[in-house]
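Presented below is the structure to which this report refers.
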Amino acid sequence: MSIIQVRDIKKVYNKDQVPVHALNGVDLDINEGEFTAIVGPSGSGKTTLLNIIGGLDEPTEGKVKIHGTDMFSLKERELIDFRLHHIGFVFQAYNLIPVLTAKENIAFILQMQGRPQKECNQRSMELLKMVGLEDKVDKRPAELSGGQQQRVAVARALASKPDFVLADEPTANLDSASTANLLDMMLRLNEEESITFIFSTHDQRVVERARRVVTLVDGKVDSDEQRTSNIEQGTSN
Amino acid sequence: MLYLKLAWRNIWRNKRRTLITMASIVMAVLLSSVMSAMQQGQYDQMIDNTVGSFTGHLQVQKPGYFDESTLDNSLEVKQSLSDQLQAHPEIESVIPRIDSYALAAGEDRSKAAMVIGIDPDKEKTLSAPDQKIIEGTYFNSDSENGVLVSEGLAEFLDVTVRDTLVLLGQGFRGMSAAGAYPITGIMKFGLPEMNDAMVYLPLQTARSFYAAEDRVTSMVVLLKNPKQVSKVVSELRSDLGDEYAVLGWQTIMPELVQAIEADRGSGMILLLILYMIVGFGIFGTILMMTAERKFELGVMIAIGTARMKMAIMLILEMLFITFLGTGFGMLFSLPIMYYFHFNPLEFSGETAMAIEEYGMEPFIRFSTDPSILIQQGLIVLIIALVITLYPLLHMRKLKPVEAMRH
């Protein structure tokens with residue numbers, strides 16, 4: 001079942017000066033439980049597409065529907081609230097709140113949703129356990145390695161039980177071991193918890209393990225590969 | 001609670017910056033409070049030296065006397081009036097006076113003088129004429145047949161103690177007032193205009209001279225707490241009704257109020273410069289704080305933090321810094337204000353003499369009025385809050401994608 005529908009998305013930066021066409025009519029459907037990598041060379045529009053799907057940036061033309069809701073028909077306040085309840089974000093790096101501990105960073109999302117303190121604590125602990133950081137509960141981001149910080153970021157992204165998680169180059173600042181570790185964890189969550197992941201990357205190690213690979217070139221979908229398993233490759237659309 | 005925790009931890013992320021900002025607020029509160037305490041201390045002294053030693057904190061007169069100060073507008077002293085005044089809990093003492101102008105003459109020369117009838121005992125608590133005697137003696141009774149003459153007038157008339165002073169004027173309801181009185185003492189006043197034209201008579205003697213038995217021109221009132229003037233004036237007005245005019249010293253001496261206001265105005269300019277310096281200091285900090293955390297704020301919006309909640313967090317951060325700075329500023333100001341209250345700044349040499357000549361005390365005693373601290377603390381707090389508008393405006397326009405590209 002398709003949870004995200006992207007229809008004819010165009011994005012032009014600097015419209016009034018020298019226009020830059022970041023996206024030139026992208027159509028994409030993301031189904032529940034998919035583990036999708038958006039790949040492509042630098043400037044192909046990966047991050048722009050993720051930002052638009054996440055409601056962080058507005059398209060010049062086109063529509064994005066999440067579970068049938070047209071995101072850009074929402075008012076700004078509604079959009080922020082929509083993100084809080086429906087979308088999990090993992091950014092490239094340094095995206096945790098530096099003055100909060102690992103547990104508090106996760107609980108932050110839940111507290112913003114107005115959940116009771118007890119539930120916030122319980123869920124934060126569960127998620128930290130899920131990402132294998134139950135021994136780092138009271139550590140602040142500066143006391144964690146890059147890989148550990150990204151695990152906390154994934155746990156935070158999952159805190160609100162979102163419809164899907166968007167990750168923009170989540171392994172860009174990680175070494176090989178941390179990258180493998182993070183990918184294992186994301187795949188496990190995808191398989192065991194049916195969490196939908198969409199991430200942009202140009203890290204070949206990540207691409208190899210994706211179940212679906214959407215390649216963007218010059219702001220258009222160049223190919224969309226479905227794979228039946230991590231190794232076996234699917235058909236090219 | 002979450003935002004309180006966030007704000008508190010955020011301000012300590014960059015300890016040095018927070019401490020520098022706090023120090024600038026501490027200095028602002030300290031300098032403005034100490035400066036205001038010095039100013040207010042001077043005004044209190046000015047008021048005390050003039051009001052508390054001659055005019056009184058307030059006066060009860062017959063309506064119309066203030067605009068037309070003639071004996072015909074004098075007041076008959078009723079026992080009920082004295083009782084009502086004495087019964088007021090804020091009133092320290094009530095001093096009756098009868099005054100008018102008369103021609104004072106020696107053997108060869110004459111000059112217009114202010115002739116005041118005083119209660120010899122009660123007047124000691126106000127203008128303390130007994131302390132001003134430089135030759136001769138003070139009055140022994142209310143009805144003594146004698147006169148005290150100011151030094152300048154005595155010199156002009158070429159009279160001294162035991163000489164006779166002739167007074168000639170107009171009494172109550174056009175009666176002619178004439179009398180010859182032995183000079184019992186010579187007084188020295190600080191203010192030249194008083195030193196050159198003052199004559200004191202005992203109250204009963206003055207009433208006989210003016211043919212105004214049982215009358216006074218004003219009942220001068222001293223209060224236990226000089227700051228309660230307005231309150232007591234309005235209370236007495238409602239208690240005494242239209243039969244009497246109750247005037248505060250501000251009405252009686254508008255020139256003193258103007259002098260204080262003019263001085264306060266120049267002090268305010270200095271304070272404004274100080275506030276501007278502090279304002280720019282705080283603004284600089286806020287500017288840095290906002291720019292430094294652009295990425296972080298962008299992430300917070302992206303993950304679903306409402307802008308209003310982030311604004312609350314930033315306001316709380318500034319409030320913490322300002323409250324701490326203001327609190328410490330007030331705390332450090334207090335001992336300085338008290339020190340200079342009990343050890344006033346003293347003038348020396350010719351300056352001291354010149355000040356004393358005018359009947360003023362040659363030192364500046366700082367005020368310890370706590371409202372000064374509260375006022376200055378509040379002003380700095382308001383400045384900080386106004387400056388906090390900047391990050392709030394910045395926040396309104398912040399786009400997460402652009403902020404995270406930072």
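Chain labels follow the order of the structure tokens: the first chain is A, the next B, and so on; residue numbering restarts at 1 in every chain, and ligands are counted from 1 in their shown order.
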Residues within 9 Å of B:Pro63, only C-alpha atoms, excluding chain neighbours under 4 positions, as a list in words: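 That gives Asp67, Asn73, Asp242, Glu243, Tyr244, Ala245 and Val246 of chain B.
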Would you put the residues from that selection into a file with C-alpha atoms, as an mmCIF file, in the first residue's frame?
data_model
loop_
_atom_site.group_PDB
_atom_site.id
_atom_site.type_symbol
_atom_site.label_atom_id
_atom_site.label_comp_id
_atom_site.auth_asym_id
_atom_site.auth_seq_id
_atom_site.Cartn_x
_atom_site.Cartn_y
_atom_site.Cartn_z
ATOM 1 C CA ASP B 67 -2.404 82.876 46.381
ATOM 2 C CA ASN B 73 -6.438 85.383 54.855
ATOM 3 C CA ASP B 242 -13.189 72.903 52.450
ATOM 4 C CA GLU B 243 -12.711 75.059 55.525
ATOM 5 C CA TYR B 244 -8.940 74.565 55.327
ATOM 6 C CA ALA B 245 -6.389 74.368 52.523
ATOM 7 C CA VAL B 246 -3.881 71.548 52.937
#
Close residues, B:Glu317 itself excluded, 7 Å, only C-alpha atoms, min 6 positions apart in chain, as an MDAnalysis selection string: chainID B and resid 7:8 11
Same residues, C-alpha atoms, output as a tab-separated table (two decimals), in the first residue's frame:
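Contents of part29.tsv, as written:
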chain	number	residue	atom	x	y	z
B	7	ALA	CA	16.93	27.05	28.54
B	8	TRP	CA	18.91	26.61	31.78
B	11	ILE	CA	22.84	29.27	28.90
Taking only C-alpha atoms into account, produce a table as JSON lines in which each residue of stretch 31-94 of chain B with an atom at most 10 Å from an atom of stretch 172-193 of chain B appears once, together with its shortest atom pair and the distance in Å to one decimal, ordered by chain and rising number.
{"residue": "B:Thr70", "atom": "CA", "partner": "B:Phe172", "partner_atom": "CA", "distance": 8.4}
{"residue": "B:Leu71", "atom": "CA", "partner": "B:Phe172", "partner_atom": "CA", "distance": 5.3}
{"residue": "B:Asp72", "atom": "CA", "partner": "B:Phe172", "partner_atom": "CA", "distance": 5.6}
{"residue": "B:Asn73", "atom": "CA", "partner": "B:Phe172", "partner_atom": "CA", "distance": 8.8}
{"residue": "B:Ser74", "atom": "CA", "partner": "B:Phe172", "partner_atom": "CA", "distance": 8.2}
Any chance you could export the current selection's N, CA and C atoms as a short mmCIF file (atom, residue, chain, number, x, y, z; two decimals), in the first residue's frame?
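See part32.cif below for the written result:
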data_model
loop_
_atom_site.label_atom_id
_atom_site.label_comp_id
_atom_site.auth_asym_id
_atom_site.auth_seq_id
_atom_site.Cartn_x
_atom_site.Cartn_y
_atom_site.Cartn_z
N THR B 70 -1.92 87.48 52.73
CA THR B 70 -2.11 88.62 53.62
C THR B 70 -2.72 88.12 54.93
N LEU B 71 -2.62 88.95 55.96
CA LEU B 71 -3.16 88.54 57.27
C LEU B 71 -4.67 88.38 57.23
N ASP B 72 -5.30 89.06 56.27
CA ASP B 72 -6.75 88.91 56.16
C ASP B 72 -7.15 87.49 55.77
N ASN B 73 -6.19 86.79 55.20
CA ASN B 73 -6.44 85.38 54.86
C ASN B 73 -5.84 84.45 55.90
N SER B 74 -5.63 84.98 57.11
CA SER B 74 -5.07 84.13 58.17
C SER B 74 -6.17 83.24 58.74
#
Selection: 7 Å around B:Ile260, only C-alpha atoms, excl. self and same-chain fewer than 4 positions, as a ChimeraX atom specification: /B:43,256,264
Go ahead and save the residues from that selection, with C-alpha atoms, as a PDB file, in the first residue's frame.
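part.pdb, written as the output of this step:
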ATOM      1  CA  TYR B  43      17.403  65.326  46.560  1.00  0.00           C
ATOM      2  CA  LEU B 256      12.509  73.180  44.505  1.00  0.00           C
ATOM      3  CA  ARG B 264      16.926  64.375  37.451  1.00  0.00           C
TER       4      ARG B 264
END
Residues of chain B within 12 Å of chain A: nearest atom pair and distance (Å, one decimal) for each, counting only C-alpha atoms, sorted by chain and number, as JSON lines?
{"residue": "B:Met1", "atom": "CA", "partner": "A:Gln111", "partner_atom": "CA", "distance": 10.2}
{"residue": "B:Leu2", "atom": "CA", "partner": "A:Gln111", "partner_atom": "CA", "distance": 7.9}
{"residue": "B:Tyr3", "atom": "CA", "partner": "A:Phe108", "partner_atom": "CA", "distance": 9.9}
{"residue": "B:Lys5", "atom": "CA", "partner": "A:Leu100", "partner_atom": "CA", "distance": 9.0}
{"residue": "B:Leu6", "atom": "CA", "partner": "A:Val99", "partner_atom": "CA", "distance": 6.9}
{"residue": "B:Ala7", "atom": "CA", "partner": "A:Val99", "partner_atom": "CA", "distance": 9.2}
{"residue": "B:Trp8", "atom": "CA", "partner": "A:Val99", "partner_atom": "CA", "distance": 9.4}
{"residue": "B:Arg9", "atom": "CA", "partner": "A:Val99", "partner_atom": "CA", "distance": 6.0}
{"residue": "B:Asn10", "atom": "CA", "partner": "A:Val99", "partner_atom": "CA", "distance": 6.4}
{"residue": "B:Ile11", "atom": "CA", "partner": "A:Val99", "partner_atom": "CA", "distance": 9.8}
{"residue": "B:Trp12", "atom": "CA", "partner": "A:Val99", "partner_atom": "CA", "distance": 9.2}
{"residue": "B:Arg13", "atom": "CA", "partner": "A:Val99", "partner_atom": "CA", "distance": 7.5}
{"residue": "B:Asn14", "atom": "CA", "partner": "A:Val99", "partner_atom": "CA", "distance": 11.1}
{"residue": "B:Arg293", "atom": "CA", "partner": "A:Ile97", "partner_atom": "CA", "distance": 10.4}
{"residue": "B:Lys294", "atom": "CA", "partner": "A:Asn95", "partner_atom": "CA", "distance": 11.7}
{"residue": "B:Phe295", "atom": "CA", "partner": "A:Asn95", "partner_atom": "CA", "distance": 8.4}
{"residue": "B:Glu296", "atom": "CA", "partner": "A:Asn95", "partner_atom": "CA", "distance": 6.9}
{"residue": "B:Leu297", "atom": "CA", "partner": "A:Ile97", "partner_atom": "CA", "distance": 9.3}
{"residue": "B:Gly298", "atom": "CA", "partner": "A:Asn95", "partner_atom": "CA", "distance": 9.5}
{"residue": "B:Val299", "atom": "CA", "partner": "A:Asn95", "partner_atom": "CA", "distance": 6.3}
{"residue": "B:Met300", "atom": "CA", "partner": "A:Ile97", "partner_atom": "CA", "distance": 8.1}
{"residue": "B:Ile301", "atom": "CA", "partner": "A:Ile80", "partner_atom": "CA", "distance": 7.2}
{"residue": "B:Ala302", "atom": "CA", "partner": "A:Leu56", "partner_atom": "CA", "distance": 6.5}
{"residue": "B:Ile303", "atom": "CA", "partner": "A:Leu84", "partner_atom": "CA", "distance": 6.0}
{"residue": "B:Gly304", "atom": "CA", "partner": "A:Leu84", "partner_atom": "CA", "distance": 4.3}
{"residue": "B:Thr305", "atom": "CA", "partner": "A:Ile80", "partner_atom": "CA", "distance": 7.0}
{"residue": "B:Ala306", "atom": "CA", "partner": "A:Ile80", "partner_atom": "CA", "distance": 6.6}
{"residue": "B:Arg307", "atom": "CA", "partner": "A:Arg77", "partner_atom": "CA", "distance": 8.4}
{"residue": "B:Met308", "atom": "CA", "partner": "A:Arg77", "partner_atom": "CA", "distance": 9.8}
{"residue": "B:Lys309", "atom": "CA", "partner": "A:Met112", "partner_atom": "CA", "distance": 9.2}
{"residue": "B:Met310", "atom": "CA", "partner": "A:Met112", "partner_atom": "CA", "distance": 11.2}
{"residue": "B:Arg396", "atom": "CA", "partner": "A:Glu76", "partner_atom": "CA", "distance": 10.9}
{"residue": "B:Lys397", "atom": "CA", "partner": "A:Glu76", "partner_atom": "CA", "distance": 11.7}
{"residue": "B:Leu398", "atom": "CA", "partner": "A:Leu56", "partner_atom": "CA", "distance": 11.4}
{"residue": "B:Lys399", "atom": "CA", "partner": "A:Leu56", "partner_atom": "CA", "distance": 7.9}
{"residue": "B:Pro400", "atom": "CA", "partner": "A:Leu56", "partner_atom": "CA", "distance": 6.4}
{"residue": "B:Val401", "atom": "CA", "partner": "A:Leu56", "partner_atom": "CA", "distance": 6.1}
{"residue": "B:Glu402", "atom": "CA", "partner": "A:Asp57", "partner_atom": "CA", "distance": 9.2}
{"residue": "B:Ala403", "atom": "CA", "partner": "A:Leu56", "partner_atom": "CA", "distance": 10.8}
{"residue": "B:Met404", "atom": "CA", "partner": "A:Asn95", "partner_atom": "CA", "distance": 9.3}
{"residue": "B:Arg405", "atom": "CA", "partner": "A:Gln92", "partner_atom": "CA", "distance": 11.0}
Interatomic distance (Å, one decimal) between atom CA of B:Leu236 and atom CA of B:Lys62: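 Interatomic distance, atom CA of B:Leu236 to atom CA of B:Lys62: 13.6 Å.
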Test item, strand (DSSP E or B) assignment across stretch 140-177 of chain A, answer as a count of residues only: 5
Exercise: A:Glu126 partners within 12 Å, only C-alpha atoms, chain neighbours under 5 positions left out, as a list in words: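 Those residues are Lys103, Ile106, Ala107, Glu119, Cys120, Asn121, Val131, Gly132, Leu133, Glu134, Val137, Val152, Ala155, Arg156, Leu158 and Ala159 of chain A.
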Include N, CA and C atoms and write out the residues we just selected as a tab-separated table (two decimals), in the first residue's frame.
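Result file selection_12.tsv:
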chain	number	residue	atom	x	y	z
A	103	LYS	N	18.66	9.87	26.35
A	103	LYS	CA	17.27	9.57	26.69
A	103	LYS	C	16.38	10.81	26.54
A	106	ILE	N	15.38	11.65	22.98
A	106	ILE	CA	14.28	10.82	22.45
A	106	ILE	C	12.95	11.26	23.09
A	107	ALA	N	13.01	11.48	24.40
A	107	ALA	CA	11.80	11.87	25.13
A	107	ALA	C	11.27	13.23	24.66
A	119	GLU	N	5.22	7.62	30.24
A	119	GLU	CA	5.25	7.00	28.91
A	119	GLU	C	6.51	7.45	28.16
A	120	CYS	N	6.87	8.74	28.31
A	120	CYS	CA	8.07	9.26	27.64
A	120	CYS	C	9.30	8.48	28.10
A	121	ASN	N	9.39	8.28	29.41
A	121	ASN	CA	10.56	7.56	29.95
A	121	ASN	C	10.60	6.12	29.44
A	131	VAL	N	18.08	0.27	19.83
A	131	VAL	CA	19.25	0.66	19.03
A	131	VAL	C	20.56	0.28	19.73
A	132	GLY	N	20.44	-0.49	20.79
A	132	GLY	CA	21.62	-1.03	21.47
A	132	GLY	C	22.40	-0.01	22.28
A	133	LEU	N	21.73	0.99	22.80
A	133	LEU	CA	22.45	2.02	23.57
A	133	LEU	C	21.87	2.17	24.98
A	134	GLU	N	21.38	1.09	25.53
A	134	GLU	CA	20.76	1.19	26.86
A	134	GLU	C	21.76	1.59	27.94
A	137	VAL	N	22.25	5.91	28.36
A	137	VAL	CA	21.05	6.69	28.68
A	137	VAL	C	21.36	8.15	29.04
A	152	VAL	N	21.09	7.16	18.18
A	152	VAL	CA	20.14	7.92	19.01
A	152	VAL	C	19.19	8.70	18.10
A	155	ALA	N	16.63	6.41	16.89
A	155	ALA	CA	15.69	6.14	17.99
A	155	ALA	C	14.73	7.31	18.17
A	156	ARG	N	15.29	8.54	18.07
A	156	ARG	CA	14.43	9.73	18.21
A	156	ARG	C	13.42	9.79	17.07
A	158	LEU	N	12.12	7.43	15.59
A	158	LEU	CA	11.08	6.40	15.76
A	158	LEU	C	10.16	6.67	16.96
A	159	ALA	N	10.56	7.64	17.77
A	159	ALA	CA	9.86	7.86	19.04
A	159	ALA	C	8.36	8.05	18.87
All residues 8 Å or closer to stretch 28-30 of chain A, only C-alpha atoms, same chain fewer than 3 positions away omitted, as an MDAnalysis selection string: chainID A and resid 2:7 34
Helix (DSSP H, G or I) positions in stretch 38-212 of chain A, given as a VMD selection string: chain A and resid 46 to 53 71 to 73 76 to 86 102 to 112 117 to 130 134 to 136 141 to 143 146 to 159 176 to 193 204 to 209
Surrounding residues of B:Glu235 excluding itself and chain neighbours under 4 positions, 12 Å, only C-alpha atoms, as a PyMOL selection string: chain B and resi 84-85+88-91+228-231+239-241+246-248
Selection: 7 Å around A:Val12, only C-alpha atoms, excl. self and same-chain fewer than 6 positions, as an MDAnalysis selection string: chainID A and resid 19:22 60
Best match for closeness to B:Pro226 among B:Gly56, B:Gly267, B:Gly106, B:Gly284, counting only C-alpha atoms: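 Distance minimum relative to B:Pro226 lands on B:Gly56.
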